[in-house]
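*Asks:* Just passing along the structure, written as structure tokens.
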There are 2 protein chains.
Amino acid sequence: MQKIRSGTLAALLLGSIVTPALPLGAAPTDVAMIRDAGLKDEVAWQFVEGLSTEVGPRPAGTPQEARAREWAIARLTALGFTNVRAEPYLMPVWQRGREEARILSPFPQNLVVAGLGNSASTPSSGIEGELVYFPTLASLEAAPEASLKGKIAFVDHAMQATQDGSSYGYFGATRRQGPSVASRKGASAILIRSIGTDHHRQPHSGVQMWADGVRPIPAAALSIPDAEQLARILARGKPVRLRLTLLSRMLKDQPSGNVLAEIPGSDPEAGVVVAACHLDSWDQGTGAIDDASGCGIITAAALLVGKAGAPRRTIRLLMAGAEEVGGNGARAYFDAHGKEPHAMAMESDFGADRVWRIDFKLPEGHDALARRLSTGLAPLGIAASRSAAGGGADIEPLVKAGVPVVDLQQDGTRYFDIHHTSDDTLDKIDKAQLQQNVAAWAVALFEIANAPETLAVK
Amino acid sequence: MQKIRSGTLAALLLGSIVTPALPLGAAPTDVAMIRDAGLKDEVAWQFVEGLSTEVGPRPAGTPQEARAREWAIARLTALGFTNVRAEPYLMPVWQRGREEARILSPFPQNLVVAGLGNSASTPSSGIEGELVYFPTLASLEAAPEASLKGKIAFVDHAMQATQDGSSYGYFGATRRQGPSVASRKGASAILIRSIGTDHHRQPHSGVQMWADGVRPIPAAALSIPDAEQLARILARGKPVRLRLTLLSRMLKDQPSGNVLAEIPGSDPEAGVVVAACHLDSWDQGTGAIDDASGCGIITAAALLVGKAGAPRRTIRLLMAGAEEVGGNGARAYFDAHGKEPHAMAMESDFGADRVWRIDFKLPEGHDALARRLSTGLAPLGIAASRSAAGGGADIEPLVKAGVPVVDLQQDGTRYFDIHHTSDDTLDKIDKAQLQQNVAAWAVALFEIANAPETLAVK
């Protein structure tokens, strides 16, 4: 309650001496203490270390994901959270099997591949075909109808890294839409250059959904060195034949679920603040950066806010299931809780590197809250932007329903070196940057959970 | 011949004005021209690009290695070399099959492994056992006899990078001797932390030889992130059970061979200068840094020397087969040619990063040659050392027989990030550093092949 009073008081101090241009939020000593505690936090690291070590890979709808829920419930309970529980649902599961790509001619050799989510399975003896080169998705789209009949399309678009990860949208279209486009043109299979920015022989895979009416075909990503090798071989100008073996199967109605945990607030009318991450991982790595780190960050930050005294609003951790394969957990949460008053939704799902920017999507008239957040985050090297916050996949239904959202944008420069590869392991986490995330989240959750303004949307 | 006269002349110019402390070798303009041409060389890059792309992986004694010989013969002939030929021999071949390591308890998950050369095969259903942790090879050696009966030893020694690669000798003992030691203690299998310095999920494998009388057991390397994961799991203090599937087979009398090519010299009595590399690669990568780059460097450098006019001594390229599995090519060369007069042996087999040091092992009284080499290399940032040159695996029999040797030491800081992993691909080659190697080798071969001194050992 003290925090709320401080916040209320500070909201009146327009033109404060300390930072003339920005009114202060909670008394600086409170926010500063929370921020400093975040920078020394051990809870997030222990969460990431524990989940990625003791569970490891945890694909949606598998026994490993179920173990992740058990693990998270035990850990959150031990940390003192309230209302810790799993909320189960059923879902279909695509399961990877044996995978091999072999150039048969002119230069016989194996290439490293990984099937894309929902790829069709080949027969166990594989399929063979001649490759057709496309530098971009646009060039594949421009290919004449039926021109790829019996052939294997290869789309070689090279992703470039950006600090904010925005290139994933542009380049990622090759993974998301390429397989459906190739199938429509009659291709027997599609290979894509991994949507990634490293140079290791670890393909970046990920889910793709077949467009309506499209026949599923085998679809896989080549590691970037393998894509470059294939491009060099094709550049020799001789026909290139390849045998592709991609085994997989679809399972119906497998158990998945979300894990929820709360720091109870004092004012039920003020609405819930949702802090989201996802518990499942893509199958190839141990999900350290995607997204054990997000779950560790929100856990540690909520705990710091709770330790400062009961906040005005309930902070609810949503550790979603099945983010990687289409957002089943997000939909299940919204179905169960979408009608409760939500004051704010936030998500941490972009690795563990430092937060560098804050974006807002607040209702009209909440500039003061935005300024308090900016002021609290500035000492961490975080600047406010004019970009609208968009949230993450696990809060997408809430954001679409009009719940206010704040994004703490992380540095994504090296995120796509690792994302959705077997290399997503604990050693990629920089603890100091993880702690900076905790500090930023603790400041944000503290200010938002205690904000005197009306935020909740019914 | 002009070069030889220059060299002879320069050898008399003790106390030269240009570099008072060091007598000059060939007239500076000659060496400088060759050096400058090396820095602009395209031949080495084209060699590495071609061999690693058009052949790719080329394990010793396989059809791929045979394709590498055909490829090299065609390329060397096209470049104008003389006496280009393969010299065949037969050898046994260890062939990798399916490989999987799965932790069964307490935290079920797969680990990424690669069998070590000459590993015993498990049954196709694998073997199961409890793990026993050893931080170092010394601690494994200290384990009581028979104490590992039915268990799987895990040796977790973490290699550190050094510029000169010297840590490979120290840490590499775990790979070379660990399997025999574990077998003697009764272990059913051994896992080692990869002998490498990266953090990618690509195990570093390589050959190991069973000590006399030792029963072969399954032996594999874990990638470094996987070794760290296993160490964290073991640190929890619960028994860790693992199922290891490592399939492999041994083939007898498979064809392998060396490829030789020459720049003919004018003085047959002056002895041959051997410039060596190896054509085979470890099976996991495409052998770009190990050792297509070495073959490209010696090819380009010898060509530059030849273009400057016939040297006094014949320069013979030895592109050895089967370096990776025990030096069968080196022995075959020595058996066939060891009695010919050899003036010098050199080898390039440590990647494509820049040369930073020159080491010598010359007969008494050849300080002037050493100084000419030092002077010619200094503009490339290469300093002479007081360490004795040791040569490489493919010239080891020559060096043991007393042939003089010079080492152009390459920067190995990042070599063991890549060596003997699937990541040994073209994209790891820095062309500018490759060209610096060509320049250094061209200077060295020019000075050595044209040296007026008597060097040949019968």
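Order determines the names: the first chain of the structure tokens is A, the second B, and so forth; residues in each chain are numbered 1 upward, and ligands are numbered 1 upward as they are shown.
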If you run DSSP on the backbone here, which positions in range 224-321 of chain B get alpha helix (DSSP H)? Please write them as a list in words.

*Replies:*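 Output for range 224-321 of chain B, alpha helix (DSSP H) only: Ile224, Pro225, Asp226, Ala227, Glu228, Gln229, Leu230, Ala231, Arg232, Ile233, Leu234, Ala235, Ser293, Gly294, Cys295, Gly296, Ile297, Ile298, Thr299, Ala300, Ala301, Ala302, Leu303, Leu304, Val305, Gly306 and Lys307 of chain B.
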
*Asks:* May I have the residues from that selection written out with C-alpha atoms, as a PDB file, in the first residue's frame?

*Replies:*
ATOM      1  CA  ILE B 224      30.567 -29.075 -25.315  1.00  0.00           C
ATOM      2  CA  PRO B 225      27.053 -27.812 -24.430  1.00  0.00           C
ATOM      3  CA  ASP B 226      26.026 -31.449 -23.959  1.00  0.00           C
ATOM      4  CA  ALA B 227      29.049 -32.214 -21.786  1.00  0.00           C
ATOM      5  CA  GLU B 228      28.170 -29.200 -19.641  1.00  0.00           C
ATOM      6  CA  GLN B 229      24.542 -30.320 -19.474  1.00  0.00           C
ATOM      7  CA  LEU B 230      25.607 -33.798 -18.369  1.00  0.00           C
ATOM      8  CA  ALA B 231      27.972 -32.342 -15.773  1.00  0.00           C
ATOM      9  CA  ARG B 232      25.149 -30.203 -14.353  1.00  0.00           C
ATOM     10  CA  ILE B 233      22.856 -33.213 -14.206  1.00  0.00           C
ATOM     11  CA  LEU B 234      25.520 -35.307 -12.468  1.00  0.00           C
ATOM     12  CA  ALA B 235      26.140 -32.445 -10.031  1.00  0.00           C
ATOM     13  CA  SER B 293      43.157 -24.847 -47.051  1.00  0.00           C
ATOM     14  CA  GLY B 294      46.612 -26.367 -46.551  1.00  0.00           C
ATOM     15  CA  CYS B 295      46.469 -27.978 -49.992  1.00  0.00           C
ATOM     16  CA  GLY B 296      45.289 -24.732 -51.535  1.00  0.00           C
ATOM     17  CA  ILE B 297      48.094 -22.758 -49.839  1.00  0.00           C
ATOM     18  CA  ILE B 298      50.942 -25.023 -50.948  1.00  0.00           C
ATOM     19  CA  THR B 299      49.511 -25.271 -54.472  1.00  0.00           C
ATOM     20  CA  ALA B 300      49.229 -21.527 -54.909  1.00  0.00           C
ATOM     21  CA  ALA B 301      52.624 -20.845 -53.346  1.00  0.00           C
ATOM     22  CA  ALA B 302      54.461 -23.443 -55.441  1.00  0.00           C
ATOM     23  CA  LEU B 303      52.800 -22.065 -58.536  1.00  0.00           C
ATOM     24  CA  LEU B 304      54.023 -18.530 -57.738  1.00  0.00           C
ATOM     25  CA  VAL B 305      57.581 -19.789 -57.303  1.00  0.00           C
ATOM     26  CA  GLY B 306      57.382 -21.718 -60.573  1.00  0.00           C
ATOM     27  CA  LYS B 307      56.106 -18.641 -62.394  1.00  0.00           C
TER      28      LYS B 307
END

*Asks:* Please check the contacts: residues of chain B at most 7 Å away from chain A, using only C-alpha atoms, listed as a VMD selection string.

*Replies:* chain B and resid 53 to 56 107 109 200 to 201 225 229 233 422 to 423 425 427

*Asks:* Can you write out the residues you just picked, keeping C-alpha atoms, as a compact mmCIF listing (two decimals), in the first residue's frame?

*Replies:*
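The result, written out as again01.txt:
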# COMPACT_ATOMS: atom_id res chain seq x y z
CA THR B 53 32.20 -28.02 -52.54
CA GLU B 54 32.65 -30.55 -55.34
CA VAL B 55 33.91 -33.35 -53.12
CA GLY B 56 32.92 -32.28 -49.62
CA PHE B 107 16.07 -36.21 -16.41
CA GLN B 109 16.68 -36.24 -22.74
CA HIS B 200 27.98 -25.40 -30.40
CA ARG B 201 26.23 -28.73 -30.37
CA PRO B 225 27.05 -27.81 -24.43
CA GLN B 229 24.54 -30.32 -19.47
CA ILE B 233 22.86 -33.21 -14.21
CA SER B 422 30.59 -30.80 -38.93
CA ASP B 423 31.29 -27.05 -38.84
CA THR B 425 32.96 -25.65 -43.92
CA ASP B 427 32.38 -20.14 -44.66

*Asks:* Could you name the residues that touch range 142-152 of chain A at 10 Å or less, counting only C-alpha atoms, but leaving out those on the same chain fewer than 2 positions away, as a ChimeraX atom specification?

*Replies:* /A:127-134,136-140,154-155,181-191,218-219,241-244

*Asks:* Extract, using only C-alpha atoms, all DNA, RNA and protein residues at most 12 Å from Gly402 in chain A, discarding same-chain residues fewer than 4 positions from it, and format them as a list of chain:residue names.

*Replies:*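 Contacts, with the query itself left out: A:Gly338, A:Lys339, A:Pro341, A:His342, A:Ala343, A:Met344, A:Ala345, A:Lys361, A:Leu362, A:Pro363, A:Gly390, A:Gly391, A:Ile395, A:Glu396, A:Pro397, A:Leu398, A:Leu455, A:Ala456, A:Val457, A:Lys458.
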
*Asks:* Could you give me the residues within range 98-336 of chain B that DSSP places in strand (DSSP E), as JSON, numbers by chain?

*Replies:* {"B": [98, 99, 100, 101, 102, 103, 104, 105, 109, 110, 111, 113, 114, 115, 127, 128, 129, 130, 131, 132, 133, 134, 152, 153, 154, 155, 189, 190, 191, 192, 193, 219, 220, 221, 222, 241, 242, 243, 244, 245, 246, 247, 248, 249, 250, 251, 252, 253, 254, 255, 256, 257, 258, 259, 260, 261, 262, 263, 272, 273, 274, 275, 276, 277, 278, 315, 316, 317, 318, 319, 320]}

*Asks:* For Gly80 in chain A, work out the shell of residues within 9 Å, counting only C-alpha atoms and skipping chain neighbours fewer than 3 positions away, then give it as a ChimeraX atom specification.

*Replies:* /A:75-77,263,303

*Asks:* Can you pull out every residue within 6 Å of range 84-95 of chain A, counting only C-alpha atoms, but drop anything in the same chain fewer than 3 positions away, and send it as an NGL selection string?

*Replies:* :A and (118 or 248-261)
